[in-house]
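Shown next: run06.cif, given as mmCIF, C-alpha atoms.
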data_query
loop_
_atom_site.label_atom_id
_atom_site.label_comp_id
_atom_site.auth_asym_id
_atom_site.auth_seq_id
_atom_site.Cartn_x
_atom_site.Cartn_y
_atom_site.Cartn_z
CA MET U 1066 -16.69 7.63 -44.50
CA PRO U 1067 -20.09 5.98 -44.16
CA TYR U 1068 -21.47 5.89 -40.63
CA GLY U 1069 -21.41 2.09 -40.52
CA ASP U 1070 -17.73 1.93 -41.32
CA ALA U 1071 -16.87 4.44 -38.61
CA MET U 1072 -18.72 2.32 -36.08
CA SER U 1073 -17.02 -0.87 -37.06
CA SER U 1074 -13.63 0.83 -37.01
CA ARG U 1075 -14.33 1.92 -33.44
CA ALA U 1076 -15.44 -1.60 -32.58
CA ARG U 1077 -12.25 -3.00 -34.05
CA THR U 1078 -10.19 -0.58 -31.97
CA GLU U 1079 -12.05 -1.65 -28.83
CA GLU U 1080 -11.53 -5.29 -29.67
CA ARG U 1081 -7.83 -4.71 -30.22
CA ARG U 1082 -7.54 -2.85 -26.91
CA ALA U 1083 -9.28 -5.72 -25.11
CA GLU U 1084 -6.87 -8.18 -26.71
CA ILE U 1085 -3.89 -6.09 -25.54
CA VAL U 1086 -5.26 -5.93 -21.99
CA ARG U 1087 -5.63 -9.72 -21.91
CA ALA U 1088 -2.08 -10.14 -23.22
CA ALA U 1089 -0.77 -7.68 -20.62
CA LEU U 1090 -2.47 -9.66 -17.89
CA GLU U 1091 -0.86 -12.89 -19.12
CA VAL U 1092 2.58 -11.32 -19.25
CA ILE U 1093 2.13 -9.83 -15.77
CA ALA U 1094 1.07 -13.23 -14.40
CA GLU U 1095 4.19 -14.81 -15.91
CA ARG U 1096 6.82 -12.14 -15.25
CA GLY U 1097 5.42 -9.79 -12.65
CA TYR U 1098 4.74 -6.08 -12.81
CA ARG U 1099 8.28 -4.93 -13.55
CA GLY U 1100 9.05 -7.72 -16.01
CA ALA U 1101 5.93 -6.95 -18.04
CA SER U 1102 7.65 -4.56 -20.43
CA MET U 1103 5.78 -2.83 -23.23
CA ALA U 1104 8.07 -4.73 -25.63
CA ALA U 1105 7.03 -8.09 -24.18
CA ILE U 1106 3.33 -7.18 -24.31
CA ALA U 1107 3.62 -5.88 -27.89
CA GLU U 1108 5.30 -9.12 -28.94
CA ARG U 1109 2.53 -11.19 -27.35
CA VAL U 1110 -0.14 -9.52 -29.49
CA GLY U 1111 2.00 -9.32 -32.62
CA LEU U 1112 2.39 -5.56 -32.61
CA THR U 1113 5.48 -3.39 -32.79
CA GLN U 1114 6.11 -1.31 -29.69
CA GLN U 1115 5.17 1.74 -31.75
CA GLY U 1116 1.92 0.00 -32.70
CA LEU U 1117 1.17 -0.73 -29.04
CA LEU U 1118 1.71 2.94 -28.10
CA HIS U 1119 -1.06 3.84 -30.54
CA TYR U 1120 -3.53 2.00 -28.29
CA PHE U 1121 -1.90 2.76 -24.91
CA PRO U 1122 0.50 5.72 -24.90
CA THR U 1123 2.16 4.73 -21.58
CA LYS U 1124 2.68 1.60 -19.52
CA ASP U 1125 0.68 3.20 -16.68
CA ALA U 1126 -2.29 3.75 -19.00
CA LEU U 1127 -2.19 0.09 -19.99
CA LEU U 1128 -1.86 -1.07 -16.39
CA VAL U 1129 -4.83 1.02 -15.30
CA ALA U 1130 -6.82 -0.62 -18.11
CA VAL U 1131 -5.75 -4.01 -16.73
CA LEU U 1132 -6.96 -3.07 -13.23
CA LYS U 1133 -10.27 -1.78 -14.60
CA GLU U 1134 -10.70 -5.04 -16.43
CA ARG U 1135 -9.99 -6.95 -13.22
CA ASP U 1136 -12.58 -4.87 -11.38
CA GLN U 1137 -15.11 -5.82 -14.04
CA TRP U 1138 -14.43 -9.54 -13.75
CA ASP U 1139 -14.60 -9.37 -9.99
CA ALA U 1140 -17.76 -7.30 -10.02
CA VAL U 1141 -20.89 -8.60 -8.39
CA PRO U 1142 -24.03 -6.47 -8.60
CA ASP U 1143 -23.69 -4.09 -5.63
CA SER U 1144 -26.82 -5.34 -3.93
CA GLN U 1145 -25.53 -8.91 -4.01
CA TRP U 1146 -22.17 -8.53 -2.27
CA ARG U 1147 -22.06 -10.77 0.74
CA LEU U 1148 -19.29 -10.84 3.31
CA ASP U 1149 -18.52 -14.50 2.69
CA LEU U 1150 -17.93 -13.70 -1.00
CA LEU U 1151 -15.28 -11.23 0.13
CA GLY U 1152 -13.46 -14.02 1.94
CA SER U 1153 -13.55 -16.04 -1.28
CA LEU U 1154 -12.23 -13.07 -3.27
CA VAL U 1155 -9.22 -12.81 -0.97
CA GLU U 1156 -8.62 -16.57 -1.36
CA TYR U 1157 -8.81 -16.14 -5.13
CA ASN U 1158 -6.37 -13.21 -4.98
CA ALA U 1159 -3.89 -15.42 -3.11
CA MET U 1160 -3.73 -17.55 -6.28
CA ARG U 1161 -2.91 -14.64 -8.61
CA PRO U 1162 0.08 -12.77 -7.16
CA GLY U 1163 0.86 -11.06 -10.49
CA ILE U 1164 -2.33 -9.04 -10.56
CA VAL U 1165 -2.20 -8.33 -6.82
CA GLN U 1166 1.36 -7.10 -7.28
CA THR U 1167 0.27 -4.83 -10.15
CA PHE U 1168 -2.54 -3.40 -8.03
CA SER U 1169 -0.29 -2.85 -5.00
CA ALA U 1170 2.59 -1.32 -6.96
CA LEU U 1171 0.29 1.10 -8.82
CA LEU U 1172 -1.56 1.99 -5.61
CA GLY U 1173 1.82 2.96 -4.13
CA GLU U 1174 2.65 5.17 -7.11
CA SER U 1175 -0.80 6.75 -7.09
CA VAL U 1176 -0.16 8.69 -3.86
CA THR U 1177 2.60 10.76 -5.45
CA GLU U 1178 1.83 14.21 -6.85
CA GLY U 1179 0.09 14.29 -10.19
CA HIS U 1180 0.49 10.58 -10.89
CA PRO U 1181 -1.70 9.33 -13.76
CA THR U 1182 -3.24 6.55 -11.61
CA ARG U 1183 -4.24 8.89 -8.77
CA GLU U 1184 -7.72 9.62 -10.09
CA PHE U 1185 -8.43 5.94 -10.80
CA PHE U 1186 -7.59 4.86 -7.24
CA THR U 1187 -9.31 7.82 -5.58
CA GLU U 1188 -12.56 7.12 -7.43
CA ARG U 1189 -12.19 3.39 -6.91
CA TYR U 1190 -11.94 3.83 -3.13
CA VAL U 1191 -15.07 5.97 -3.01
CA ARG U 1192 -16.95 3.25 -4.91
CA VAL U 1193 -15.46 0.28 -3.03
CA ARG U 1194 -16.12 1.82 0.39
CA ALA U 1195 -19.75 2.39 -0.61
CA THR U 1196 -20.12 -1.19 -1.88
CA MET U 1197 -18.57 -2.61 1.30
CA ALA U 1198 -20.87 -0.46 3.46
CA GLU U 1199 -23.84 -1.93 1.57
CA ALA U 1200 -22.58 -5.49 2.10
CA LEU U 1201 -22.16 -4.78 5.83
CA ARG U 1202 -25.63 -3.24 5.98
CA ALA U 1203 -27.10 -6.33 4.26
CA ALA U 1204 -25.43 -8.55 6.88
CA TYR U 1205 -25.99 -6.50 10.03
CA GLY U 1206 -28.44 -3.68 9.42
CA GLU U 1207 -27.67 -0.13 10.55
CA ARG U 1208 -25.34 -1.18 13.33
CA LEU U 1209 -22.72 -3.94 13.48
CA PRO U 1210 -22.58 -6.14 16.58
CA SER U 1211 -19.57 -4.06 17.67
CA GLY U 1212 -21.65 -0.88 17.52
CA LEU U 1213 -19.98 0.55 14.40
CA SER U 1214 -22.14 1.81 11.53
CA PRO U 1215 -21.55 0.17 8.13
CA GLU U 1216 -19.99 3.46 6.93
CA ARG U 1217 -17.44 3.46 9.74
CA ALA U 1218 -16.55 -0.21 9.31
CA ALA U 1219 -16.15 -0.05 5.50
CA PRO U 1220 -12.80 1.84 5.39
CA LEU U 1221 -11.38 -0.67 7.88
CA LEU U 1222 -12.50 -3.60 5.72
CA VAL U 1223 -10.86 -2.07 2.64
CA ALA U 1224 -7.70 -1.15 4.60
CA VAL U 1225 -7.26 -4.71 5.87
CA MET U 1226 -7.58 -6.15 2.35
CA ASP U 1227 -5.04 -3.72 0.89
CA GLY U 1228 -2.66 -3.79 3.84
CA LEU U 1229 -2.52 -7.59 4.03
CA GLN U 1230 -1.60 -7.74 0.34
CA TYR U 1231 1.68 -5.87 0.99
CA GLN U 1232 2.68 -8.13 3.86
CA TRP U 1233 1.78 -11.21 1.81
CA LEU U 1234 3.53 -10.11 -1.41
CA LEU U 1235 6.76 -9.40 0.48
CA ASP U 1236 6.73 -12.57 2.56
CA PRO U 1237 4.11 -15.13 1.45
CA GLU U 1238 5.37 -17.79 3.89
CA SER U 1239 4.85 -15.54 6.91
CA VAL U 1240 1.36 -14.24 6.17
CA ASP U 1241 -1.75 -16.36 5.65
CA MET U 1242 -3.65 -13.66 3.77
CA PRO U 1243 -7.03 -15.43 3.42
CA GLY U 1244 -6.88 -16.70 7.02
CA ALA U 1245 -6.05 -13.27 8.41
CA PHE U 1246 -8.87 -11.71 6.41
CA ARG U 1247 -11.34 -14.27 7.77
CA ASP U 1248 -10.12 -13.42 11.29
CA PHE U 1249 -11.00 -9.81 10.55
CA LEU U 1250 -14.46 -10.68 9.21
CA ALA U 1251 -15.07 -12.65 12.43
CA LEU U 1252 -13.97 -9.63 14.50
CA LEU U 1253 -16.46 -7.42 12.66
CA GLY U 1254 -19.27 -9.82 13.45
CA GLU U 1255 -18.63 -10.06 17.15
CA ALA U 1256 -20.90 -8.44 19.67
CA ASP U 1257 -19.91 -5.60 21.94
CA ALA U 1258 -19.95 -6.99 25.47
CA SER U 1259 -19.58 -3.61 27.15
CA MET S 826 46.80 7.15 8.51
CA PRO S 827 46.74 7.11 12.34
CA TYR S 828 43.82 5.18 13.83
CA GLY S 829 42.33 8.28 15.48
CA ASP S 830 42.09 10.14 12.17
CA ALA S 831 40.40 7.19 10.46
CA MET S 832 37.77 7.15 13.19
CA SER S 833 37.06 10.83 13.03
CA SER S 834 36.83 10.67 9.25
CA ARG S 835 34.20 7.93 9.59
CA ALA S 836 32.40 10.00 12.22
CA ARG S 837 32.39 13.00 9.88
CA THR S 838 30.90 10.87 7.10
CA GLU S 839 28.17 9.64 9.44
CA GLU S 840 27.44 13.19 10.55
CA ARG S 841 27.21 14.33 6.94
CA ARG S 842 24.86 11.47 6.09
CA ALA S 843 22.63 12.36 9.04
CA GLU S 844 22.56 15.97 7.87
CA ILE S 845 21.52 14.86 4.36
CA VAL S 846 18.75 12.65 5.76
CA ARG S 847 17.37 15.56 7.79
CA ALA S 848 17.50 17.80 4.71
CA ALA S 849 15.74 15.13 2.62
CA LEU S 850 12.98 14.92 5.22
CA GLU S 851 12.50 18.70 5.14
CA VAL S 852 12.32 18.76 1.35
CA ILE S 853 9.87 15.82 1.33
CA ALA S 854 7.67 17.58 3.89
CA GLU S 855 7.64 20.71 1.71
CA ARG S 856 7.37 19.24 -1.79
CA GLY S 857 6.28 15.63 -1.39
CA TYR S 858 7.96 12.43 -2.46
CA ARG S 859 8.15 13.15 -6.16
CA GLY S 860 9.12 16.80 -5.77
CA ALA S 861 12.02 15.90 -3.48
CA SER S 862 14.60 15.65 -6.26
CA MET S 863 18.20 14.77 -5.56
CA ALA S 864 19.07 18.23 -6.92
CA ALA S 865 16.80 19.96 -4.38
CA ILE S 866 18.19 17.89 -1.51
CA ALA S 867 21.80 18.52 -2.58
CA GLU S 868 21.13 22.26 -2.71
CA ARG S 869 19.63 22.20 0.80
CA VAL S 870 22.85 20.80 2.29
CA GLY S 871 25.18 22.83 0.09
CA LEU S 872 26.46 19.90 -1.97
CA THR S 873 26.64 19.39 -5.70
CA GLN S 874 24.49 16.54 -7.00
CA GLN S 875 27.72 14.63 -7.62
CA GLY S 876 28.71 15.24 -4.01
CA LEU S 877 25.37 13.94 -2.78
CA LEU S 878 25.75 10.74 -4.84
CA HIS S 879 28.97 10.07 -2.93
CA TYR S 880 26.90 9.63 0.24
CA PHE S 881 23.74 8.13 -1.31
CA PRO S 882 24.23 6.60 -4.78
CA THR S 883 20.47 6.56 -5.57
CA LYS S 884 17.33 8.38 -4.51
CA ASP S 885 15.90 5.08 -3.25
CA ALA S 886 18.94 4.54 -0.99
CA LEU S 887 18.43 8.00 0.47
CA LEU S 888 14.69 7.48 0.93
CA VAL S 889 15.25 4.17 2.74
CA ALA S 890 17.67 6.02 5.05
CA VAL S 891 14.90 8.58 5.69
CA LEU S 892 12.44 5.81 6.61
CA LYS S 893 14.99 4.13 8.90
CA GLU S 894 15.55 7.47 10.61
CA ARG S 895 11.78 7.87 11.05
CA ASP S 896 11.56 4.39 12.57
CA GLN S 897 14.24 5.40 15.07
CA TRP S 898 12.44 8.57 16.12
CA ASP S 899 9.19 6.71 16.48
CA ALA S 900 10.79 3.85 18.37
CA VAL S 901 9.63 3.04 21.85
CA PRO S 902 11.43 0.25 23.72
CA ASP S 903 9.61 -2.88 22.58
CA SER S 904 8.39 -3.80 26.03
CA GLN S 905 6.81 -0.38 26.45
CA TRP S 906 4.55 -0.23 23.41
CA ARG S 907 1.00 0.29 24.52
CA LEU S 908 -2.04 0.23 22.28
CA ASP S 909 -3.02 3.79 23.20
CA LEU S 910 0.42 4.97 22.04
CA LEU S 911 -0.37 3.44 18.65
CA GLY S 912 -3.48 5.59 18.39
CA SER S 913 -1.33 8.63 19.13
CA LEU S 914 1.20 7.59 16.49
CA VAL S 915 -1.54 7.47 13.85
CA GLU S 916 -2.72 10.92 14.97
CA TYR S 917 0.84 12.19 14.66
CA ASN S 918 1.17 10.64 11.20
CA ALA S 919 -1.95 12.51 10.10
CA MET S 920 0.04 15.72 10.68
CA ARG S 921 2.98 14.69 8.49
CA PRO S 922 1.64 13.63 5.10
CA GLY S 923 5.03 14.00 3.39
CA ILE S 924 6.67 11.21 5.34
CA VAL S 925 3.55 9.01 5.18
CA GLN S 926 3.50 9.53 1.41
CA THR S 927 7.18 8.56 1.15
CA PHE S 928 6.55 5.42 3.18
CA SER S 929 3.46 4.45 1.15
CA ALA S 930 5.04 5.13 -2.25
CA LEU S 931 8.19 3.14 -1.41
CA LEU S 932 6.14 0.30 0.08
CA GLY S 933 4.32 0.09 -3.25
CA GLU S 934 7.58 -0.07 -5.20
CA SER S 935 9.02 -2.64 -2.83
CA VAL S 936 6.70 -5.43 -4.01
CA THR S 937 8.18 -5.37 -7.52
CA GLU S 938 10.92 -7.85 -8.44
CA GLY S 939 14.38 -7.07 -7.19
CA HIS S 940 13.51 -3.60 -5.94
CA PRO S 941 16.17 -2.12 -3.63
CA THR S 942 13.61 -1.37 -0.89
CA ARG S 943 12.21 -4.91 -0.82
CA GLU S 944 14.54 -6.21 1.89
CA PHE S 945 14.00 -3.16 4.09
CA PHE S 946 10.21 -3.55 4.08
CA THR S 947 10.26 -7.35 4.41
CA GLU S 948 12.48 -7.15 7.50
CA ARG S 949 10.56 -4.20 8.87
CA TYR S 950 7.27 -6.13 8.72
CA VAL S 951 8.76 -9.11 10.57
CA ARG S 952 9.94 -6.72 13.31
CA VAL S 953 6.79 -4.60 13.44
CA ARG S 954 4.44 -7.63 13.62
CA ALA S 955 6.50 -8.99 16.52
CA THR S 956 6.39 -5.63 18.32
CA MET S 957 2.64 -5.33 17.83
CA ALA S 958 2.11 -8.89 19.08
CA GLU S 959 4.00 -7.94 22.24
CA ALA S 960 1.88 -4.81 22.73
CA LEU S 961 -1.28 -6.89 22.31
CA ARG S 962 0.05 -9.49 24.76
CA ALA S 963 0.81 -6.76 27.31
CA ALA S 964 -2.77 -5.49 26.98
CA TYR S 965 -4.68 -8.78 26.79
CA GLY S 966 -2.45 -11.70 27.69
CA GLU S 967 -2.35 -14.82 25.50
CA ARG S 968 -5.83 -14.33 24.09
CA LEU S 969 -7.64 -11.19 23.00
CA PRO S 970 -11.26 -10.72 24.09
CA SER S 971 -12.24 -11.79 20.55
CA GLY S 972 -10.41 -15.09 21.00
CA LEU S 973 -7.53 -14.25 18.63
CA SER S 974 -3.96 -14.80 19.77
CA PRO S 975 -1.66 -11.74 19.73
CA GLU S 976 0.24 -13.31 16.79
CA ARG S 977 -2.95 -13.61 14.72
CA ALA S 978 -4.15 -10.10 15.53
CA ALA S 979 -0.79 -8.40 14.82
CA PRO S 980 -0.85 -8.64 10.98
CA LEU S 981 -4.37 -7.16 11.01
CA LEU S 982 -3.24 -4.24 13.15
CA VAL S 983 -0.36 -3.51 10.79
CA ALA S 984 -2.57 -3.95 7.70
CA VAL S 985 -5.13 -1.45 8.99
CA MET S 986 -2.44 1.17 9.66
CA ASP S 987 -0.90 0.79 6.21
CA GLY S 988 -4.17 0.41 4.33
CA LEU S 989 -5.79 3.47 5.91
CA GLN S 990 -2.79 5.58 4.87
CA TYR S 991 -3.51 4.98 1.18
CA GLN S 992 -7.16 5.91 1.50
CA TRP S 993 -6.24 9.00 3.54
CA LEU S 994 -3.41 10.18 1.25
CA LEU S 995 -5.65 9.96 -1.81
CA ASP S 996 -8.69 11.61 -0.23
CA PRO S 997 -7.97 13.21 3.17
CA GLU S 998 -11.45 14.76 3.39
CA SER S 999 -13.19 11.40 3.08
CA VAL S 1000 -11.16 9.37 5.57
CA ASP S 1001 -10.67 10.19 9.24
CA MET S 1002 -7.51 8.10 9.61
CA PRO S 1003 -6.97 8.45 13.37
CA GLY S 1004 -10.70 7.95 14.08
CA ALA S 1005 -10.89 4.85 11.89
CA PHE S 1006 -7.80 3.42 13.58
CA ARG S 1007 -9.32 3.98 17.03
CA ASP S 1008 -12.46 2.18 15.81
CA PHE S 1009 -10.24 -0.77 14.94
CA LEU S 1010 -8.48 -0.74 18.33
CA ALA S 1011 -11.91 -0.80 19.97
CA LEU S 1012 -12.93 -3.77 17.79
CA LEU S 1013 -9.84 -5.69 18.90
CA GLY S 1014 -10.69 -5.10 22.53
CA GLU S 1015 -14.25 -6.28 22.34
CA ALA S 1016 -15.33 -9.56 23.83
CA ASP S 1017 -16.54 -12.52 21.85
CA ALA S 1018 -20.18 -12.95 22.71
CA SER S 1019 -20.48 -16.33 21.07
#
Is it possible to express this structure as structure tokens?
Amino acid sequence: MPYGDAMSSRARTEERRAEIVRAALEVIAERGYRGASMAAIAERVGLTQQGLLHYFPTKDALLVAVLKERDQWDAVPDSQWRLDLLGSLVEYNAMRPGIVQTFSALLGESVTEGHPTREFFTERYVRVRATMAEALRAAYGERLPSGLSPERAAPLLVAVMDGLQYQWLLDPESVDMPGAFRDFLALLGEADAS
Amino acid sequence: MPYGDAMSSRARTEERRAEIVRAALEVIAERGYRGASMAAIAERVGLTQQGLLHYFPTKDALLVAVLKERDQWDAVPDSQWRLDLLGSLVEYNAMRPGIVQTFSALLGESVTEGHPTREFFTERYVRVRATMAEALRAAYGERLPSGLSPERAAPLLVAVMDGLQYQWLLDPESVDMPGAFRDFLALLGEADAS
């Protein structure tokens, strides 16, 4: 097979995979994580279920691809993350429960032994904590008003985002997720009076 | 059947269920959430798998019973929760990854549609936020040093506990869970300098 053809075949595969990921995201937004069956996603892109398995051998593999895609959309060059953008991201998340549900459900599964999403989430946390530490450093320098270093505050920032999502998904009326997150950002910015 | 016999039969069933829950907890501590199969738990209490299903028809039902049992052990009369006890609870949790893993994995599943653990976690959050608000009120009165009310700070406290568990379970070397939680308690207690 000529080199050019091999390349374009690979490009076609990538394009098809991207199309499947977009379809999966639509189906998740409409029906939620559990309702987004492989059959429903296959139908949306005009593939048989067998055809879909050629691109993504398991539902988990497809869902991880969806989360990676979300991370890419949400990405801001690391040096340009600002804390107020984070508040906006949480507000945006409050308008897309399907993808937040997918993230939260897969995060839960990832802590079990040998789960296929474990590596994705472990690496993601290392990266996200580092990005958040940089955003905190850009806002406050080497020490936050509370006295914490950016590296010590970053895991708390990430924990609040993830933890609030569970409370909000289970009981959206009881938890103002964006408001609570802004409360936390305000806490981080307050000075130590001791 | 005489009334007395009916009562003691119910008492025996309750005793058997309690025994199964303790066995499940042991197996989870040894093998983790996924490794704790119904077969392994049945063997531990000397039941057939069919016999076990008589007491707990699904693994999820049994795992929810394990989490309820944990909540009972950890319970402190609501009026006696103190913030420093919370720090100790997080330290204690860091020594029992099996049960934290079970909690975190089931919490993840609970946000999917119609999942059997959904009601348990939704109700638990309502209760736990109220308890935390009371503990914050006991420590700080109607307004925390930061200016937040106890009711606005409570969801953040709960979110940090839950969110840190995921980071810690995935990468225990990278996250000092009890230390990070104490950092957060210190943040909550700091005065607003504005």
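Shortest separation to chain S among U:Gly1228, U:Pro1237, U:Gly1111, U:Pro1210 occurs at residue U:Gly1228, atoms counted being all atoms listed in the file.
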Problem - Distance filter 7 Å, only C-alpha atoms, chain S against chain U, as a VMD selection string - result: chain S and resid 858 to 859 926 929 to 934 936 to 938 947 950 971 981 984 to 985 987 to 989 992 994 to 996 1005 1012 1015 to 1018
Problem - Ground truth for the PyMOL selection byres ((chain S and resi 895-910) around 8), written as JSON, numbers by chain - result: {"S": [891, 892, 893, 894, 911, 912, 913, 914, 956, 957, 959, 960, 961, 963, 964, 1010]}
Exercise for the section: With the file shown as input, list the residues that the PyMOL selection byres ((chain U and resi 1086-1090) around 7) selects, as a PyMOL selection string. Expected result: chain U and resi 1082-1085+1091-1094+1106+1109-1110+1130-1131
Completion exercise
CA of Val1129 in chain U sits from CA of Ile1164 in chain U at a separation of 11.4 Å
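Across the structure, CA of Met1103 in chain U and CA of Ala861 in chain S are spaced 27.9 Å apart.
Coordinates place CA of Tyr917 in chain S at a distance of 28.5 Å from CA of Glu868 in chain S.
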Could you write range 1142-1165 of chain U of the block just shown to a file containing N, CA and C atoms, as an mmCIF file, in the first residue's frame?
data_model
loop_
_atom_site.group_PDB
_atom_site.id
_atom_site.type_symbol
_atom_site.label_atom_id
_atom_site.label_comp_id
_atom_site.auth_asym_id
_atom_site.auth_seq_id
_atom_site.Cartn_x
_atom_site.Cartn_y
_atom_site.Cartn_z
ATOM 1 N N PRO U 1142 -4.317 27.474 27.897
ATOM 2 C CA PRO U 1142 -2.875 27.284 28.089
ATOM 3 C C PRO U 1142 -2.530 27.449 29.578
ATOM 4 N N ASP U 1143 -1.705 26.511 30.094
ATOM 5 C CA ASP U 1143 -1.481 26.455 31.545
ATOM 6 C C ASP U 1143 -1.152 27.808 32.165
ATOM 7 N N SER U 1144 -0.369 28.591 31.442
ATOM 8 C CA SER U 1144 0.087 29.850 32.025
ATOM 9 C C SER U 1144 -1.048 30.868 32.070
ATOM 10 N N GLN U 1145 -2.171 30.565 31.433
ATOM 11 C CA GLN U 1145 -3.243 31.562 31.374
ATOM 12 C C GLN U 1145 -4.448 31.242 32.250
ATOM 13 N N TRP U 1146 -4.363 30.157 33.039
ATOM 14 C CA TRP U 1146 -5.464 29.865 33.957
ATOM 15 C C TRP U 1146 -5.550 30.970 34.995
ATOM 16 N N ARG U 1147 -6.739 31.486 35.156
ATOM 17 C CA ARG U 1147 -6.954 32.456 36.221
ATOM 18 C C ARG U 1147 -8.060 31.925 37.118
ATOM 19 N N LEU U 1148 -8.032 32.297 38.380
ATOM 20 C CA LEU U 1148 -9.004 31.731 39.315
ATOM 21 C C LEU U 1148 -10.441 32.085 38.935
ATOM 22 N N ASP U 1149 -10.642 33.282 38.361
ATOM 23 C CA ASP U 1149 -12.021 33.631 38.002
ATOM 24 C C ASP U 1149 -12.531 32.781 36.835
ATOM 25 N N LEU U 1150 -11.620 32.315 35.979
ATOM 26 C CA LEU U 1150 -12.023 31.385 34.917
ATOM 27 C C LEU U 1150 -12.535 30.084 35.510
ATOM 28 N N LEU U 1151 -11.920 29.660 36.622
ATOM 29 C CA LEU U 1151 -12.356 28.429 37.267
ATOM 30 C C LEU U 1151 -13.795 28.543 37.735
ATOM 31 N N GLY U 1152 -14.129 29.693 38.306
ATOM 32 C CA GLY U 1152 -15.517 29.930 38.713
ATOM 33 C C GLY U 1152 -16.461 29.809 37.529
ATOM 34 N N SER U 1153 -16.033 30.346 36.384
ATOM 35 C CA SER U 1153 -16.868 30.262 35.181
ATOM 36 C C SER U 1153 -16.982 28.824 34.693
ATOM 37 N N LEU U 1154 -15.903 28.059 34.822
ATOM 38 C CA LEU U 1154 -15.946 26.650 34.404
ATOM 39 C C LEU U 1154 -16.977 25.883 35.239
ATOM 40 N N VAL U 1155 -17.001 26.147 36.522
ATOM 41 C CA VAL U 1155 -17.976 25.455 37.386
ATOM 42 C C VAL U 1155 -19.401 25.881 37.016
ATOM 43 N N GLU U 1156 -19.595 27.149 36.682
ATOM 44 C CA GLU U 1156 -20.921 27.601 36.221
ATOM 45 C C GLU U 1156 -21.322 26.882 34.923
ATOM 46 N N TYR U 1157 -20.363 26.759 34.031
ATOM 47 C CA TYR U 1157 -20.596 26.068 32.766
ATOM 48 C C TYR U 1157 -20.947 24.605 33.032
ATOM 49 N N ASN U 1158 -20.202 23.964 33.944
ATOM 50 C CA ASN U 1158 -20.482 22.561 34.270
ATOM 51 C C ASN U 1158 -21.908 22.374 34.797
ATOM 52 N N ALA U 1159 -22.400 23.383 35.530
ATOM 53 C CA ALA U 1159 -23.756 23.278 36.088
ATOM 54 C C ALA U 1159 -24.814 23.259 34.983
ATOM 55 N N MET U 1160 -24.414 23.597 33.750
ATOM 56 C CA MET U 1160 -25.364 23.549 32.634
ATOM 57 C C MET U 1160 -25.210 22.280 31.804
ATOM 58 N N ARG U 1161 -24.269 21.410 32.178
ATOM 59 C CA ARG U 1161 -24.113 20.167 31.398
ATOM 60 C C ARG U 1161 -23.999 18.960 32.352
ATOM 61 N N PRO U 1162 -25.118 18.627 33.008
ATOM 62 C CA PRO U 1162 -25.084 17.536 33.979
ATOM 63 C C PRO U 1162 -24.663 16.198 33.379
ATOM 64 N N GLY U 1163 -24.964 15.954 32.096
ATOM 65 C CA GLY U 1163 -24.623 14.657 31.508
ATOM 66 C C GLY U 1163 -23.127 14.379 31.538
ATOM 67 N N ILE U 1164 -22.349 15.380 31.174
ATOM 68 C CA ILE U 1164 -20.902 15.154 31.130
ATOM 69 C C ILE U 1164 -20.314 15.135 32.550
ATOM 70 N N VAL U 1165 -20.887 15.934 33.444
ATOM 71 C CA VAL U 1165 -20.428 15.909 34.842
ATOM 72 C C VAL U 1165 -20.747 14.550 35.466
#
